[in-house]
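Notes follow once the structure below has been shown.
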Amino acid sequence: MARNVSDSDSVRRQNRGLVLGALRLQGPLSRTSLASETGLSHASITAISHDLLAQNIIVELAAAEKADTRSRGRPATLIGFNRAIGCAVLFELDVNRARLSLVDYGGVLVDRIEYPLTPTTFAQMPPAEYLAERIHLLQSRNPEAVLRRIAISVQGILDRDGQGLKWSPIAHLANNPFGQKLSGAFDIPVTLYKRGRLLAEGVRWLDPALHAASVATVFVGSTVAMGMTFRGQIMGRGDEGATEFGHMNHSPNGALCRCGMRGCVEAYAADYGVLRTAYSVPETTQPAPAVPPHEYEGLIARASSGDRTATHAFNLAGRAIGFGLSRMMAVFDPTHILIVGPGARAFHLMEQEIRSAMSGSLLCRINGMPEIVPHLDEKEPIFRGLQMKTLDEIDQAYFAGLQ
């Protein structure tokens with residue numbers, strides 16, 4: 001009897017999760033559309049929606065107008081998330097900036113603040129204190145918000161428990177369990193995600209055509225990172241779901257990388273690598289801890305106007321990315337490659353070298369070149385991936401289970 005009850009509860013939890021997932025993916029839907037999207041019977045949808053409405057997890061919205069005015073019957077009533085039932089705080093950290101967003105349970109952006117980061121920011125104030133201070137500011141501006149999750153996008157290598165980093169290009173961020181400290185301070189779960197994982201996740205949400213595709217999303221900017229989906233499934237290095245593409249060796253004993261190794265793809269293709277090459281600085285020179293965005297934009301402008309040294313720097317960057325992709329394709333054959341980040345605006349300067357390097361791949365010769373597309377807004381895939389991953393966790397942790 002206990003086994004049967006347990007199995008029944010598991011099925012009900014799974015079905016509630018299917019309904020919440022469909023609403024998360026498609027937005028407000030009618031009960032008929034929910035049955036179609038989830039594969040559940042109309043009777044199951046009616047029972048689940050009744051429970052979710054009673055628990056104030058979802059709400060009924062205004063009736064949807066029928067597109068075909070010749071159709072008969074009353075317009076369908078849509079159901080969607082109760083936006084007031086909870087909020088999530090989303091931090092995006094990189095070498096140059098910290099962006100903090102507050103989103104409600106319906107996925108609507110409620111508030112956002114952004115701060116510049118410098119190499120001394122976390123030396124002057126420990127990461128947990130810095131982040132907590134800004135969360136308190138958001139709370140003071142939005143006193144009605146009920147915080148359910150804090151999620152943080154980071155650059156670097158996560159430690160085993162996922163509450164800090166073993167290494168990060170963001171100065172003074174590694175070897176500090178700031179996730180655990182934040183969780184204790186606010187008494188809610190805190191999750192850290194690698195940027196590459198969020199790139200892969202975000203692209204799936206932004207472009208429905210890529211939802212079930214095999215895609216390599218490459219971030220080029222202050223670092224070089226990659227997230228991958230294989231036929232719609234997130235894949236990568238361990239549980240983090242991201243690769244260390246930027247630290248793949250491109251040239252043995254070559255240019256010095258921020259990670260301390262030599263010859264990484266990033267050492268040639270990240271903003272500091274392009275800057276170093278453009279100004280003919282020796283490859284063994286310690287990389288700049290941060291490159292102001294206007295400096296990188298200036299290099300793009302110089303190369304676009306024909307400056308030879310700047311053009312050469314972007315050629316080397318494209319070559320490093322291209323050969324890295326060529327090696328990757330020996331084990332992973334994507335149909336699409338998306339270039340995102342500030343480097344997407346320099347894609348026209350790197351494209352020829354990227355394609356030339358990739359043309360030597362056996363898979364490219366046999367299957368042809370995958371579609372390579374620059375995405376000019378690097379913030380959106382990362383934010384969208386962080387947003388949807390966190391809201392899905394709230395769905396499963398708080399509301400998919402039986403009340």
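If you're wondering about the labels, chains in the structure tokens are A, B, ... by order shown, residues count from 1 in each chain, ligands from 1 in order shown.
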
So that I can see what lies close to His42 of chain A, please list as a list in words the residues with an atom at most 10 Å from it, counting only C-alpha atoms and leaving out residues fewer than 6 positions away in the same chain.
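My reading of the contact set: Arg31, Thr32, Ser33, Leu34, Ala35, Ser36 and Ile48 of chain A.
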
Taking the DSSP secondary structure from the backbone, can you list the residues of segment 148-249 of chain A that are strand (DSSP E), as a ChimeraX atom specification?
/A:148-154,157-158,165-167,190-194,215-220,224-230,233-235

Segment 298-312 of chain A: which residues within 12 Å, counting only C-alpha atoms, same-chain residues fewer than 4 positions away excluded, as a ChimeraX atom specification?
/A:268-269,271-281,291-294,316-319,342-353

DSSP says helix (DSSP H, G or I) for which residues of segment 114-270 of chain A? Put them as an NGL selection string?
:A and (121-124 or 127-141 or 178-186 or 195-206 or 208-210 or 238-240 or 245-247 or 265-269)

Please, what distance in Å, to one decimal, runs between atom CA of Val11 of chain A and atom CA of Gly86 of chain A?
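So the answer is 25.2 Å.
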
With 8 Å as the cut-off and only C-alpha atoms counted, what is the closest atom pair between each nearby residue of segment 50-135 of chain A and segment 146-162 of chain A? Distances in Å to one decimal, ordered by chain and number, as CSV.
residue,atom,partner,partner_atom,distance
A:Ala84,CA,A:Val146,CA,7.9
A:Ile85,CA,A:Val146,CA,7.0
A:Gly86,CA,A:Val146,CA,4.8
A:Cys87,CA,A:Leu147,CA,4.9
A:Ala88,CA,A:Arg149,CA,4.9
A:Val89,CA,A:Ile150,CA,4.8
A:Leu90,CA,A:Ala151,CA,5.0
A:Phe91,CA,A:Ile152,CA,4.6
A:Glu92,CA,A:Ser153,CA,4.7
A:Leu93,CA,A:Val154,CA,5.4
A:Asp94,CA,A:Gln155,CA,6.4

Please, what distance in Å, to one decimal, runs between atom CA of Asn82 of chain A and atom CA of Asn56 of chain A?
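According to the coordinates, atom CA of Asn82 of chain A and atom CA of Asn56 of chain A are separated by 6.7 Å.
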
Contact check, segment 193-217 of chain A to segment 368-373 of chain A, at most 10 Å, counting only C-alpha atoms, closest pairs as a tab-separated table:
residue	atom	partner	partner_atom	distance
A:Val215	CA	A:Pro370	CA	9.4
A:Ala216	CA	A:Ile372	CA	9.5
A:Thr217	CA	A:Val373	CA	9.6

Excluding Glu37 of chain A and its own-chain neighbours fewer than 6 positions away, which residues fall within 12 Å of it when counting only C-alpha atoms? Please give them as a VMD selection string.
chain A and resid 15 18 to 31 45

Can you tell me which residues surround segment 246-251 of chain A at a distance of at most 12 Å, considering only C-alpha atoms, apart from same-chain residues fewer than 6 positions away, and format the answer as a PyMOL selection string?
chain A and resi 155-157+169+195-196+218-227+257-270+273+283+316-328+357

Please provide as a list in words all residues within 7 Å of segment 173-189 of chain A, with the sequence filter that same-chain residues fewer than 2 positions apart are discarded (counting only C-alpha atoms).
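The residues that qualify are Phe122, Pro127, Ala128, Ala132, Arg148, Arg149, Ile150, Gln163, Gly164, Leu165, Lys166, Trp167, Ser168, Ile170, Ala171 and Thr191 of chain A.
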